[in-house]
file my_file_26.cif (mmCIF, C-alpha atoms)
data_target
#
loop_
_atom_site.label_atom_id
_atom_site.label_comp_id
_atom_site.auth_asym_id
_atom_site.auth_seq_id
_atom_site.Cartn_x
_atom_site.Cartn_y
_atom_site.Cartn_z
CA MET A 162 1.98 10.85 -34.09
CA SER A 163 2.71 10.70 -37.80
CA SER A 164 0.71 8.80 -40.41
CA VAL A 165 3.78 6.62 -40.96
CA ILE A 166 3.45 5.37 -37.40
CA ASP A 167 -0.30 4.89 -37.77
CA ALA A 168 0.17 2.77 -40.89
CA GLY A 169 3.02 0.53 -39.85
CA PRO A 170 5.35 -0.31 -36.96
CA GLY A 171 4.36 1.33 -33.70
CA ARG A 172 0.72 1.85 -34.67
CA TRP A 173 -0.62 0.24 -31.51
CA VAL A 174 1.60 2.08 -29.06
CA ALA A 175 0.86 5.34 -30.88
CA ALA A 176 -2.88 4.74 -30.62
CA GLU A 177 -2.63 3.84 -26.94
CA MET A 178 -0.49 6.88 -26.16
CA ALA A 179 -3.11 9.03 -27.85
CA GLU A 180 -5.76 7.71 -25.42
CA GLN A 181 -3.95 9.13 -22.40
CA PRO A 182 -5.72 12.52 -22.20
CA ALA A 183 -9.11 10.80 -22.12
CA VAL A 184 -7.94 8.28 -19.50
CA LEU A 185 -6.55 11.04 -17.29
CA ALA A 186 -9.64 13.22 -17.70
CA GLY A 187 -11.72 10.26 -16.56
CA ILE A 188 -9.63 9.76 -13.43
CA ALA A 189 -9.73 13.48 -12.63
CA GLY A 190 -13.50 13.46 -13.07
CA ARG A 191 -14.03 10.71 -10.51
CA ARG A 192 -11.29 11.85 -8.12
CA ASP A 193 -13.61 12.84 -5.28
CA VAL A 194 -15.53 9.57 -5.49
CA GLU A 195 -12.35 7.49 -5.47
CA ILE A 196 -10.96 9.38 -2.48
CA GLU A 197 -14.11 8.68 -0.49
CA ARG A 198 -14.00 4.98 -1.44
CA ILE A 199 -10.43 4.73 -0.19
CA ARG A 200 -11.13 6.55 3.05
CA ALA A 201 -14.11 4.29 3.76
CA ALA A 202 -11.84 1.23 3.64
CA LEU A 203 -9.11 2.65 5.88
CA PRO A 204 -9.12 2.70 9.69
CA ARG A 205 -11.34 5.51 10.98
CA ASP A 206 -8.27 7.18 12.48
CA ARG A 207 -5.75 7.12 9.63
CA GLU A 208 -2.99 8.00 12.09
CA GLU A 209 -3.37 4.43 13.42
CA LEU A 210 -1.73 3.04 10.28
CA GLY A 211 1.22 0.92 11.38
CA GLY A 212 3.01 1.16 8.04
CA ILE A 213 2.64 1.30 4.28
CA SER A 214 3.99 -1.26 1.82
CA LEU A 215 4.09 -1.34 -1.99
CA ILE A 216 4.10 -4.43 -4.23
CA ALA A 217 4.99 -4.13 -7.92
CA ARG A 218 7.12 -5.22 -10.87
CA GLY A 219 8.16 -3.60 -14.17
CA SER A 220 6.61 -0.27 -15.07
CA SER A 221 4.35 -0.61 -12.03
CA ASP A 222 7.52 -0.68 -9.92
CA ASN A 223 8.37 2.78 -11.27
CA VAL A 224 4.87 3.95 -10.35
CA ALA A 225 5.46 2.47 -6.90
CA VAL A 226 8.55 4.67 -6.51
CA HIS A 227 6.33 7.70 -7.15
CA ALA A 228 3.78 6.35 -4.68
CA ARG A 229 6.49 5.97 -2.05
CA TYR A 230 7.43 9.64 -2.25
CA LEU A 231 3.81 10.78 -2.19
CA LEU A 232 2.65 8.50 0.61
CA GLU A 233 5.58 9.50 2.81
CA LEU A 234 4.74 13.15 2.15
CA ALA A 235 1.09 12.51 2.91
CA THR A 236 1.48 10.51 6.13
CA GLY A 237 4.98 11.07 7.51
CA LEU A 238 5.33 7.27 7.67
CA PRO A 239 8.26 5.43 6.09
CA VAL A 240 7.04 3.50 3.06
CA SER A 241 8.70 0.28 1.92
CA LEU A 242 8.81 -1.76 -1.28
CA VAL A 243 8.03 -5.41 -0.52
CA ALA A 244 10.44 -8.01 -1.91
CA PRO A 245 7.94 -10.53 -3.39
CA SER A 246 10.42 -13.41 -3.31
CA LEU A 247 10.49 -13.27 0.49
CA VAL A 248 6.91 -14.55 0.38
CA THR A 249 6.88 -16.62 -2.82
CA ARG A 250 10.34 -18.22 -2.64
CA TYR A 251 11.61 -17.85 0.95
CA HIS A 252 8.13 -18.37 2.45
CA ARG A 253 8.55 -15.75 5.16
CA GLU A 254 5.37 -14.69 6.88
CA LEU A 255 5.12 -10.91 7.08
CA ARG A 256 3.50 -8.94 9.88
CA ALA A 257 0.98 -6.55 8.39
CA ARG A 258 -1.57 -5.70 11.07
CA ASN A 259 -2.87 -2.13 10.60
CA HIS A 260 -0.78 -1.79 7.46
CA LEU A 261 -1.81 -0.30 4.16
CA ALA A 262 -0.55 -2.44 1.27
CA VAL A 263 -0.69 -1.02 -2.25
CA ALA A 264 -0.44 -3.64 -4.99
CA LEU A 265 0.27 -2.37 -8.49
CA SER A 266 -0.14 -4.43 -11.65
CA GLN A 267 -1.50 -3.27 -14.99
CA SER A 268 -2.98 -6.66 -15.82
CA GLY A 269 -3.83 -7.59 -12.23
CA ARG A 270 -2.67 -11.09 -13.11
CA THR A 271 1.04 -11.24 -12.27
CA PRO A 272 1.13 -14.31 -9.99
CA GLU A 273 3.63 -13.06 -7.41
CA ILE A 274 1.88 -9.70 -7.00
CA VAL A 275 -1.44 -11.46 -6.41
CA THR A 276 0.15 -13.96 -4.01
CA VAL A 277 1.83 -11.26 -1.90
CA ALA A 278 -1.36 -9.17 -1.85
CA GLU A 279 -3.33 -12.18 -0.63
CA HIS A 280 -0.68 -12.93 1.99
CA LEU A 281 -0.67 -9.38 3.37
CA ALA A 282 -4.46 -9.27 3.44
CA SER A 283 -4.49 -12.51 5.44
CA ARG A 284 -2.01 -10.95 7.88
CA GLY A 285 -4.19 -7.94 8.63
CA ALA A 286 -3.33 -5.40 5.91
CA THR A 287 -5.81 -3.25 4.04
CA VAL A 288 -4.91 -3.94 0.41
CA VAL A 289 -5.51 -1.38 -2.32
CA ALA A 290 -5.12 -2.61 -5.90
CA VAL A 291 -4.01 -0.19 -8.62
CA THR A 292 -4.70 -1.93 -11.91
CA ASN A 293 -6.34 -1.68 -15.29
CA HIS A 294 -8.71 -4.57 -14.67
CA ASP A 295 -11.21 -4.46 -11.82
CA ASP A 296 -12.24 -8.06 -12.54
CA SER A 297 -8.71 -9.43 -12.12
CA PRO A 298 -7.35 -11.80 -9.42
CA LEU A 299 -5.55 -8.84 -7.84
CA ALA A 300 -8.80 -6.92 -7.55
CA ALA A 301 -10.41 -9.94 -5.91
CA ALA A 302 -7.64 -10.01 -3.30
CA SER A 303 -8.05 -6.33 -2.40
CA ALA A 304 -10.30 -4.27 -0.18
CA VAL A 305 -10.37 -1.42 -2.70
CA THR A 306 -9.56 -1.45 -6.41
CA LEU A 307 -8.47 1.70 -8.20
CA SER A 308 -8.97 0.99 -11.89
CA VAL A 309 -7.29 2.96 -14.66
CA GLY A 310 -10.52 2.59 -16.59
CA THR A 311 -9.25 2.06 -20.11
CA GLY A 312 -9.35 -0.76 -22.61
CA SER A 313 -6.66 -3.39 -22.75
CA GLU A 314 -3.26 -2.47 -24.12
CA ILE A 315 -2.09 -4.38 -27.19
CA ALA A 316 1.41 -2.96 -27.55
CA VAL A 317 3.93 -4.58 -25.21
CA PRO A 318 5.27 -1.27 -23.79
CA ALA A 319 2.82 0.02 -21.19
CA THR A 320 1.81 3.64 -21.79
CA LYS A 321 -1.75 4.67 -20.91
CA THR A 322 -1.85 2.23 -18.00
CA VAL A 323 1.35 3.70 -16.52
CA THR A 324 0.19 7.31 -16.62
CA GLY A 325 -3.21 6.21 -15.33
CA GLN A 326 -1.54 4.44 -12.41
CA LEU A 327 0.55 7.54 -11.66
CA ALA A 328 -2.63 9.60 -11.41
CA LEU A 329 -4.30 6.98 -9.22
CA VAL A 330 -1.47 6.75 -6.69
CA THR A 331 -1.52 10.54 -6.49
CA LEU A 332 -5.17 10.59 -5.48
CA LEU A 333 -4.44 7.68 -3.12
CA ALA A 334 -1.93 9.92 -1.33
CA GLU A 335 -4.57 12.63 -1.12
CA ALA A 336 -6.97 10.13 0.42
CA VAL A 337 -4.61 8.89 3.15
CA ALA A 338 -3.31 12.31 4.16
CA PRO A 339 -4.74 13.30 7.57
CA ASP A 340 -5.61 16.63 5.96
CA GLY A 341 -6.08 16.08 2.22
CA ALA A 342 -5.56 19.77 1.56
CA ASP A 343 -1.91 19.35 2.59
CA MET A 344 -1.29 17.54 -0.70
CA ASP A 345 -2.48 20.49 -2.80
CA ARG A 346 0.99 21.99 -2.41
CA TRP A 347 2.44 19.07 -4.36
CA THR A 348 -0.37 18.33 -6.81
CA GLY A 349 -1.54 21.87 -7.55
CA GLY A 350 -5.04 21.02 -6.28
CA ALA A 351 -8.27 20.83 -8.26
CA THR A 352 -7.07 23.36 -10.83
CA ALA A 353 -4.09 21.17 -11.74
CA TRP A 354 -6.18 18.00 -11.85
CA ASN A 355 -8.56 19.70 -14.27
CA ARG A 356 -5.62 20.80 -16.41
CA LEU A 357 -3.74 17.49 -16.46
CA ALA A 358 -5.39 16.01 -19.57
CA GLU A 359 -4.91 19.27 -21.48
CA VAL A 360 -1.19 19.39 -20.69
CA VAL A 361 -0.73 15.77 -21.81
CA ALA A 362 -2.68 16.44 -25.00
CA GLY A 363 -0.37 19.37 -25.69
CA VAL A 364 2.67 17.16 -25.26
CA LEU A 365 1.26 14.55 -27.64
CA ASP A 366 0.52 17.20 -30.25
CA ASP A 367 4.05 18.64 -30.03
CA THR A 368 6.10 16.19 -32.08
CA ALA A 369 8.54 18.47 -33.90
CA ALA A 370 11.18 18.57 -31.18
CA VAL A 371 10.81 14.83 -30.60
CA GLU A 372 12.26 14.17 -34.04
CA ASP A 373 15.46 16.06 -33.15
CA ALA A 374 15.71 14.27 -29.81
CA ALA A 375 15.20 10.86 -31.42
CA ALA A 376 17.87 11.58 -34.02
CA LEU A 377 20.30 12.37 -31.20
CA ALA A 378 19.30 9.27 -29.22
CA ARG A 379 19.63 7.09 -32.34
CA ASP A 380 23.33 7.87 -32.49
CA HIS A 381 24.04 6.89 -28.87
CA LYS A 382 23.94 3.31 -27.64
CA VAL A 383 23.94 4.22 -23.94
CA GLY A 384 21.56 6.60 -22.20
CA ILE A 385 21.37 7.91 -18.62
CA HIS A 386 18.02 9.29 -17.47
CA LEU A 387 18.14 11.74 -14.54
CA ALA A 388 15.52 13.20 -12.21
CA ARG A 389 14.95 13.50 -8.47
CA GLY A 390 12.19 13.53 -5.86
CA LEU A 391 8.66 13.76 -7.24
CA THR A 392 9.93 13.51 -10.81
CA TYR A 393 12.26 10.54 -10.20
CA ALA A 394 9.72 8.05 -11.55
CA ALA A 395 9.89 9.80 -14.94
CA ALA A 396 13.61 9.00 -15.25
CA LEU A 397 13.09 5.38 -14.23
CA GLU A 398 10.16 4.90 -16.60
CA GLY A 399 11.82 6.78 -19.46
CA ALA A 400 14.89 4.58 -19.15
CA LEU A 401 12.77 1.43 -19.08
CA LYS A 402 10.78 2.44 -22.16
CA SER A 403 13.91 3.26 -24.14
CA LYS A 404 15.62 0.08 -22.97
CA GLU A 405 12.80 -2.30 -23.83
CA THR A 406 11.98 -0.79 -27.23
CA THR A 407 15.45 0.10 -28.59
CA ARG A 408 17.31 -2.90 -27.12
CA ARG A 409 19.98 -0.49 -25.88
CA VAL A 410 21.36 0.22 -22.44
CA HIS A 411 19.39 2.97 -20.68
CA GLU A 412 19.51 3.47 -16.92
CA GLY A 413 17.50 5.74 -14.63
CA TYR A 414 19.19 7.56 -11.74
CA SER A 415 18.37 10.03 -9.06
CA SER A 416 20.44 13.09 -9.96
CA ALA A 417 21.91 12.89 -6.45
CA ASP A 418 22.90 9.23 -6.79
CA PHE A 419 24.46 9.89 -10.18
CA LEU A 420 26.97 12.23 -8.53
CA HIS A 421 28.06 9.45 -6.15
CA GLY A 422 30.25 7.66 -8.69
CA PRO A 423 28.23 7.03 -11.88
CA LEU A 424 29.00 10.55 -13.13
CA THR A 425 32.32 9.14 -14.33
CA VAL A 426 30.56 7.43 -17.26
CA ALA A 427 29.53 10.79 -18.76
CA SER A 428 31.25 11.25 -22.12
CA PRO A 429 30.44 12.06 -25.75
CA GLU A 430 29.34 8.43 -26.19
CA VAL A 431 26.77 8.55 -23.35
CA LEU A 432 23.50 10.41 -23.82
CA VAL A 433 21.90 12.11 -20.80
CA VAL A 434 18.15 12.70 -20.59
CA ALA A 435 17.20 15.10 -17.79
CA TYR A 436 13.61 15.43 -16.50
CA GLY A 437 12.46 18.31 -14.31
CA ALA A 438 9.43 20.22 -13.07
CA ASP A 439 9.25 23.39 -11.02
CA GLY A 440 9.97 22.46 -7.40
CA PRO A 441 12.62 21.94 -4.72
CA VAL A 442 14.84 19.54 -6.72
CA LEU A 443 14.85 21.22 -10.14
CA GLY A 444 18.16 22.93 -9.44
CA ASP A 445 19.72 19.61 -8.43
CA VAL A 446 18.75 17.99 -11.73
CA LEU A 447 20.06 20.99 -13.65
CA ASP A 448 23.40 20.94 -11.80
CA THR A 449 23.90 17.21 -12.38
CA ALA A 450 22.98 17.39 -16.06
CA SER A 451 25.36 20.33 -16.43
CA ALA A 452 28.17 18.33 -14.82
CA ALA A 453 27.54 15.48 -17.29
CA SER A 454 27.49 17.96 -20.16
CA ASP A 455 30.82 19.39 -19.02
CA LEU A 456 32.26 15.87 -19.35
CA GLY A 457 31.00 15.67 -22.94
CA SER A 458 27.60 14.01 -22.71
CA PRO A 459 24.98 15.36 -25.11
CA VAL A 460 21.78 16.22 -23.23
CA ILE A 461 18.06 16.02 -23.90
CA ALA A 462 16.19 18.24 -21.41
CA ILE A 463 12.54 17.40 -20.72
CA GLY A 464 10.16 19.59 -18.77
CA ALA A 465 10.28 22.99 -17.12
CA PRO A 466 11.46 26.11 -18.97
CA GLU A 467 14.11 26.69 -16.28
CA LEU A 468 15.65 23.30 -17.07
CA LEU A 469 15.68 23.92 -20.81
CA SER A 470 17.11 27.42 -20.50
CA GLY A 471 19.70 26.25 -17.98
CA LEU A 472 21.00 23.71 -20.51
CA PRO A 473 21.27 25.87 -23.64
CA SER A 474 23.13 23.24 -25.67
CA ALA A 475 20.51 20.57 -24.95
CA VAL A 476 17.75 19.39 -27.24
CA GLY A 477 14.66 20.58 -25.39
CA LEU A 478 11.30 18.82 -25.02
CA PRO A 479 9.13 21.37 -23.18
CA VAL A 480 6.18 20.60 -20.93
CA ALA A 481 3.63 23.28 -20.10
CA GLY A 482 3.45 24.49 -16.49
CA GLY A 483 0.53 24.79 -14.14
CA LEU A 484 0.86 21.37 -12.50
CA GLY A 485 2.37 20.58 -9.13
CA GLU A 486 5.33 18.18 -9.16
CA ALA A 487 3.17 15.22 -8.17
CA LEU A 488 1.13 15.56 -11.36
CA ALA A 489 3.85 17.06 -13.57
CA VAL A 490 5.54 13.66 -13.55
CA VAL A 491 2.75 12.42 -15.86
CA PRO A 492 3.54 14.57 -18.93
CA LEU A 493 7.25 14.01 -18.27
CA VAL A 494 6.59 10.28 -18.59
CA VAL A 495 4.69 10.90 -21.83
CA ARG A 496 7.73 12.74 -23.20
CA GLY A 497 9.83 9.69 -22.31
CA GLN A 498 7.37 7.50 -24.20
CA GLN A 499 7.64 9.72 -27.27
CA LEU A 500 11.43 9.62 -27.15
CA ALA A 501 11.52 5.81 -26.85
CA VAL A 502 9.00 5.17 -29.62
CA SER A 503 10.49 7.68 -32.06
CA THR A 504 14.05 6.45 -31.44
CA THR A 505 12.96 2.85 -32.00
CA LEU A 506 11.36 3.79 -35.31
CA GLU A 507 14.53 5.68 -36.28
CA LEU A 508 16.42 2.42 -35.70
CA GLY A 509 14.04 0.54 -38.01
CA MET A 510 12.42 -1.56 -35.29
CA ASP A 511 8.83 -2.02 -34.16
CA PRO A 512 8.12 -0.58 -30.68
CA ASP A 513 4.88 -2.55 -30.49
CA ARG A 514 6.69 -5.87 -30.26
CA PRO A 515 10.12 -5.65 -28.57
CA VAL A 516 12.17 -8.78 -29.11
CA GLY A 517 11.91 -11.31 -26.29
CA LEU A 518 9.08 -9.62 -24.37
CA ASN A 519 5.43 -10.49 -23.73
CA LYS A 520 2.60 -8.25 -22.60
CA VAL A 521 2.14 -10.11 -19.32
CA THR A 522 5.23 -11.49 -17.60
CA ALA A 523 4.20 -14.30 -15.28
CA THR A 524 6.85 -14.15 -12.55
CA HIS A 525 6.15 -16.11 -9.36
#
call {"tool": "encode", "arguments": {"input": "my_file_26.cif", "output": "structure tokens"}}
result
Amino acid sequence: MSSVIDAGPGRWVAAEMAEQPAVLAGIAGRRDVEIERIRAALPRDREELGGISLIARGSSDNVAVHARYLLELATGLPVSLVAPSLVTRYHRELRARNHLAVALSQSGRTPEIVTVAEHLASRGATVVAVTNHDDSPLAAASAVTLSVGTGSEIAVPATKTVTGQLALVTLLAEAVAPDGADMDRWTGGATAWNRLAEVVAGVLDDTAAVEDAAALARDHKVGIHLARGLTYAAALEGALKSKETTRRVHEGYSSADFLHGPLTVASPEVLVVAYGADGPVLGDVLDTASAASDLGSPVIAIGAPELLSGLPSAVGLPVAGGLGEALAVVPLVVRGQQLAVSTTLELGMDPDRPVGLNKVTATH
């Protein structure tokens, strides 16, 4: 990031974004150890799992969406997102015997996430915490804690903890798969894991195109972020980052859902940000972004060369290849972070301290 960012507004988020290659390299380096720790806590026959549930809020909720796709791919079991209020406000007891419950919280201190994790553990679930703090209340409530392994974040927008969580839920899926090698098709295997930090470092170093994208985003008060499948979390997280830092309306959609009605909002006043990696749904994202472009929406295309070349009028933010979709979502998310931070600075605001937000939101 530029020296202007380092010296003034956005200096903390820029510094924390810059830590991401080291955080991801650390997770990749201990991948085998973490997988064995997870497997040791699960039932000996992983096919005995009765179900899988996810508990999260905020950016962690977007990571949970990625985890849902991966865990369903890994196990063939339907995976659900728990509604915390059913436990904390409606006081419904949930049946969780032989369940795997994955609780995601960067701080590990969000009261409702801790409460639901404790409840599910008491009802027979094996709880895995995915957090930045292995000494947190959430970690204490869990059978296994997967820690991002980085220092605390100071900037309000979560960056390094989000990409760290995305990597951790990916190795969690590898751990619960009856045959872990089955997941190599979607991650790219050991070669991709070893390349992940390098790809993210390359994205962080490539700031020239971000300036053009931020200038375009600055002039549009509404943004639609599109992706699908194993890249869907990038659209959700990109929209959230732009929304919370710019104070503008940004929404994330599956490219398929966007065609079921919301496409009608596409116009010259509505920016579209399309995220894609090489895989089964790349053509779907391209087709939907093209339909929005035909209705007048300017487009920012993030990711695979095929996406950028298929949208020749778009501002392109490339991401190097060599990663399976399950890991490619990480540099796509980093591109979304860059876009949000740079646009916020273009608007004369400080992305470190969005108005009205705190680092830890204590919902119950």
call {"tool": "closest_residue", "arguments": {"input": "my_file_26.cif", "among": "A:Asp367, A:Leu231, A:Leu210, A:Ala316", "to": "Arg346 in chain A", "atoms": "only C-alpha atoms"}}
result
A:Leu231
call {"tool": "resolve_selection", "arguments": {"input": "my_file_26.cif", "expression": "the PyMOL selection byres ((chain A and resi 361-365) around 12)", "output": "JSON, numbers by chain"}}
result
{"A": [162, 163, 175, 176, 177, 178, 179, 180, 181, 182, 183, 184, 185, 186, 321, 324, 325, 353, 354, 355, 356, 357, 358, 359, 360, 366, 367, 368, 369, 370, 371, 463, 464, 478, 479, 480, 481, 482, 483, 484, 488, 489, 490, 491, 492, 493, 494, 495, 496, 497, 498, 499, 500]}
call {"tool": "residues_around", "arguments": {"input": "my_file_26.cif", "residues": "Gly457 in chain A", "least_positions_apart": "3", "cutoff": "7 Å", "atoms": "only C-alpha atoms", "output": "PyMOL selection string"}}
result
chain A and resi 427-429+453-454
call {"tool": "resolve_selection", "arguments": {"input": "my_file_26.cif", "expression": "the PyMOL selection byres ((chain A and resi 213-221) around 8)", "output": "JSON list (two decimals) with C-alpha atoms, in the frame of the given file"}}
result
[["chain", "number", "residue", "atom", "x", "y", "z"],
["A", 210, "LEU", "CA", -1.73, 3.04, 10.28],
["A", 211, "GLY", "CA", 1.22, 0.92, 11.38],
["A", 212, "GLY", "CA", 3.01, 1.16, 8.04],
["A", 222, "ASP", "CA", 7.52, -0.68, -9.92],
["A", 223, "ASN", "CA", 8.37, 2.78, -11.27],
["A", 224, "VAL", "CA", 4.87, 3.95, -10.35],
["A", 225, "ALA", "CA", 5.46, 2.47, -6.90],
["A", 229, "ARG", "CA", 6.49, 5.97, -2.05],
["A", 238, "LEU", "CA", 5.33, 7.27, 7.67],
["A", 239, "PRO", "CA", 8.26, 5.43, 6.09],
["A", 240, "VAL", "CA", 7.04, 3.50, 3.06],
["A", 241, "SER", "CA", 8.70, 0.28, 1.92],
["A", 242, "LEU", "CA", 8.81, -1.76, -1.28],
["A", 243, "VAL", "CA", 8.03, -5.41, -0.52],
["A", 244, "ALA", "CA", 10.44, -8.01, -1.91],
["A", 245, "PRO", "CA", 7.94, -10.53, -3.39],
["A", 260, "HIS", "CA", -0.78, -1.79, 7.46],
["A", 261, "LEU", "CA", -1.81, -0.30, 4.16],
["A", 262, "ALA", "CA", -0.55, -2.44, 1.27],
["A", 263, "VAL", "CA", -0.69, -1.02, -2.25],
["A", 264, "ALA", "CA", -0.44, -3.64, -4.99],
["A", 265, "LEU", "CA", 0.27, -2.37, -8.49],
["A", 266, "SER", "CA", -0.14, -4.43, -11.65],
["A", 267, "GLN", "CA", -1.50, -3.27, -14.99],
["A", 274, "ILE", "CA", 1.88, -9.70, -7.00],
["A", 277, "VAL", "CA", 1.83, -11.26, -1.90],
["A", 278, "ALA", "CA", -1.36, -9.17, -1.85],
["A", 319, "ALA", "CA", 2.82, 0.02, -21.19],
["A", 323, "VAL", "CA", 1.35, 3.70, -16.52],
["A", 326, "GLN", "CA", -1.54, 4.44, -12.41],
["A", 398, "GLU", "CA", 10.16, 4.90, -16.60],
["A", 401, "LEU", "CA", 12.77, 1.43, -19.08]]
call {"tool": "closest_residue", "arguments": {"input": "my_file_26.cif", "among": "A:Ser268, A:Glu412, A:Asp511, A:Ser451", "to": "Glu314 in chain A", "atoms": "only C-alpha atoms"}}
result
A:Ser268
call {"tool": "residues_near_point", "arguments": {"input": "my_file_26.cif", "point": "(27.2, 10.8, -10.7)", "cutoff": "10 Å", "atoms": "all atoms listed in the file", "output": "list in words"}}
result
Leu387, Tyr414, Ser415, Ser416, Ala417, Asp418, Phe419, Leu420, His421, Gly422, Pro423, Leu424, Thr425, Val426, Ala427, Thr449, Ala450, Ala452 and Ala453 of chain A
call {"tool": "resolve_selection", "arguments": {"input": "my_file_26.cif", "expression": "the PyMOL selection byres ((chain A and resi 411) around 12)", "output": "number ranges by chain"}}
result
A: 378, 381-387, 396-410, 412-414, 431-434, 497, 501
call {"tool": "residues_around", "arguments": {"input": "my_file_26.cif", "residues": "Val442 in chain A", "least_positions_apart": "6", "cutoff": "12 Å", "atoms": "all atoms listed in the file", "output": "ChimeraX atom specification"}}
result
/A:387-393,415-417,436,448-449,465,467-468,486
call {"tool": "write_last_selection", "arguments": {"input": "my_file_26.cif", "atoms": "C-alpha atoms", "output": "PDB file, keeping the file's coordinate frame"}}
result
ATOM      1  CA  LEU A 387      18.140  11.740 -14.540  1.00  0.00           C
ATOM      2  CA  ALA A 388      15.520  13.200 -12.210  1.00  0.00           C
ATOM      3  CA  ARG A 389      14.950  13.500  -8.470  1.00  0.00           C
ATOM      4  CA  GLY A 390      12.190  13.530  -5.860  1.00  0.00           C
ATOM      5  CA  LEU A 391       8.660  13.760  -7.240  1.00  0.00           C
ATOM      6  CA  THR A 392       9.930  13.510 -10.810  1.00  0.00           C
ATOM      7  CA  TYR A 393      12.260  10.540 -10.200  1.00  0.00           C
ATOM      8  CA  SER A 415      18.370  10.030  -9.060  1.00  0.00           C
ATOM      9  CA  SER A 416      20.440  13.090  -9.960  1.00  0.00           C
ATOM     10  CA  ALA A 417      21.910  12.890  -6.450  1.00  0.00           C
ATOM     11  CA  TYR A 436      13.610  15.430 -16.500  1.00  0.00           C
ATOM     12  CA  ASP A 448      23.400  20.940 -11.800  1.00  0.00           C
ATOM     13  CA  THR A 449      23.900  17.210 -12.380  1.00  0.00           C
ATOM     14  CA  ALA A 465      10.280  22.990 -17.120  1.00  0.00           C
ATOM     15  CA  GLU A 467      14.110  26.690 -16.280  1.00  0.00           C
ATOM     16  CA  LEU A 468      15.650  23.300 -17.070  1.00  0.00           C
ATOM     17  CA  GLU A 486       5.330  18.180  -9.160  1.00  0.00           C
TER      18      GLU A 486
END
call {"tool": "atom_distance", "arguments": {"input": "my_file_26.cif", "atom1": "CA of Glu197 in chain A", "atom2": "CA of Thr352 in chain A"}}
result
19.3 Å
call {"tool": "closest_residue", "arguments": {"input": "my_file_26.cif", "among": "A:Ala487, A:Leu377, A:Gly171, A:Ala257", "to": "Ile315 in chain A", "atoms": "only C-alpha atoms"}}
result
A:Gly171
call {"tool": "atom_distance", "arguments": {"input": "my_file_26.cif", "atom1": "CA of Arg256 in chain A", "atom2": "CA of Val288 in chain A"}}
result
13.6 Å
call {"tool": "axis_aligned_box", "arguments": {"input": "my_file_26.cif", "around": "range 418-434 of chain A", "padding_each_side": "8 Å", "output": "JSON"}}
result
{"center_x": 25.2, "center_y": 9.9, "center_z": -16.2, "size_x": 30.2, "size_y": 21.7, "size_z": 36.0}
call {"tool": "atom_distance", "arguments": {"input": "my_file_26.cif", "atom1": "CA of Val337 in chain A", "atom2": "CA of Ser303 in chain A"}}
result
16.6 Å
call {"tool": "closest_residue", "arguments": {"input": "my_file_26.cif", "among": "A:Glu233, A:Glu335, A:Glu273, A:Glu507", "to": "Arg250 in chain A", "atoms": "only C-alpha atoms"}}
result
A:Glu273
call {"tool": "closest_residue", "arguments": {"input": "my_file_26.cif", "among": "A:Gly444, A:Pro339, A:Gly509, A:Pro466", "to": "Leu232 in chain A", "atoms": "all atoms listed in the file"}}
result
A:Pro339
call {"tool": "closest_residue", "arguments": {"input": "my_file_26.cif", "among": "A:Thr249, A:Ser470, A:Thr287, A:Thr271", "to": "Pro204 in chain A", "atoms": "all atoms listed in the file"}}
result
A:Thr287
call {"tool": "residues_around", "arguments": {"input": "my_file_26.cif", "residues": "Arg270 in chain A", "least_positions_apart": "5", "cutoff": "12 Å", "atoms": "only C-alpha atoms", "output": "NGL selection string"}}
result
:A and (217-218 or 264-265 or 275-276 or 278 or 290-302 or 520-525)
call {"tool": "build_atoms", "arguments": {"input": "my_file_26.cif", "residues": "range 255-261 of chain A", "atoms": "N, CA, C and O atoms", "output": "compact mmCIF listing (two decimals), in the frame of the given file"}}
result
# COMPACT_ATOMS: atom_id res chain seq x y z
N LEU A 255 4.92 -12.32 6.77
CA LEU A 255 5.12 -10.91 7.08
C LEU A 255 4.05 -10.42 8.05
O LEU A 255 2.89 -10.82 7.95
N ARG A 256 4.45 -9.55 8.94
CA ARG A 256 3.50 -8.94 9.88
C ARG A 256 2.91 -7.69 9.24
O ARG A 256 3.65 -6.79 8.86
N ALA A 257 1.60 -7.64 9.14
CA ALA A 257 0.98 -6.55 8.39
C ALA A 257 -0.25 -5.97 9.08
O ALA A 257 -1.03 -5.26 8.45
N ARG A 258 -0.41 -6.22 10.36
CA ARG A 258 -1.57 -5.70 11.07
C ARG A 258 -1.56 -4.17 11.05
O ARG A 258 -0.55 -3.53 11.31
N ASN A 259 -2.70 -3.59 10.69
CA ASN A 259 -2.87 -2.13 10.60
C ASN A 259 -2.00 -1.50 9.51
O ASN A 259 -1.75 -0.29 9.54
N HIS A 260 -1.54 -2.31 8.57
CA HIS A 260 -0.78 -1.79 7.46
C HIS A 260 -1.69 -1.47 6.28
O HIS A 260 -2.74 -2.08 6.10
N LEU A 261 -1.23 -0.53 5.47
CA LEU A 261 -1.81 -0.30 4.16
C LEU A 261 -0.86 -0.91 3.14
O LEU A 261 0.33 -0.58 3.13
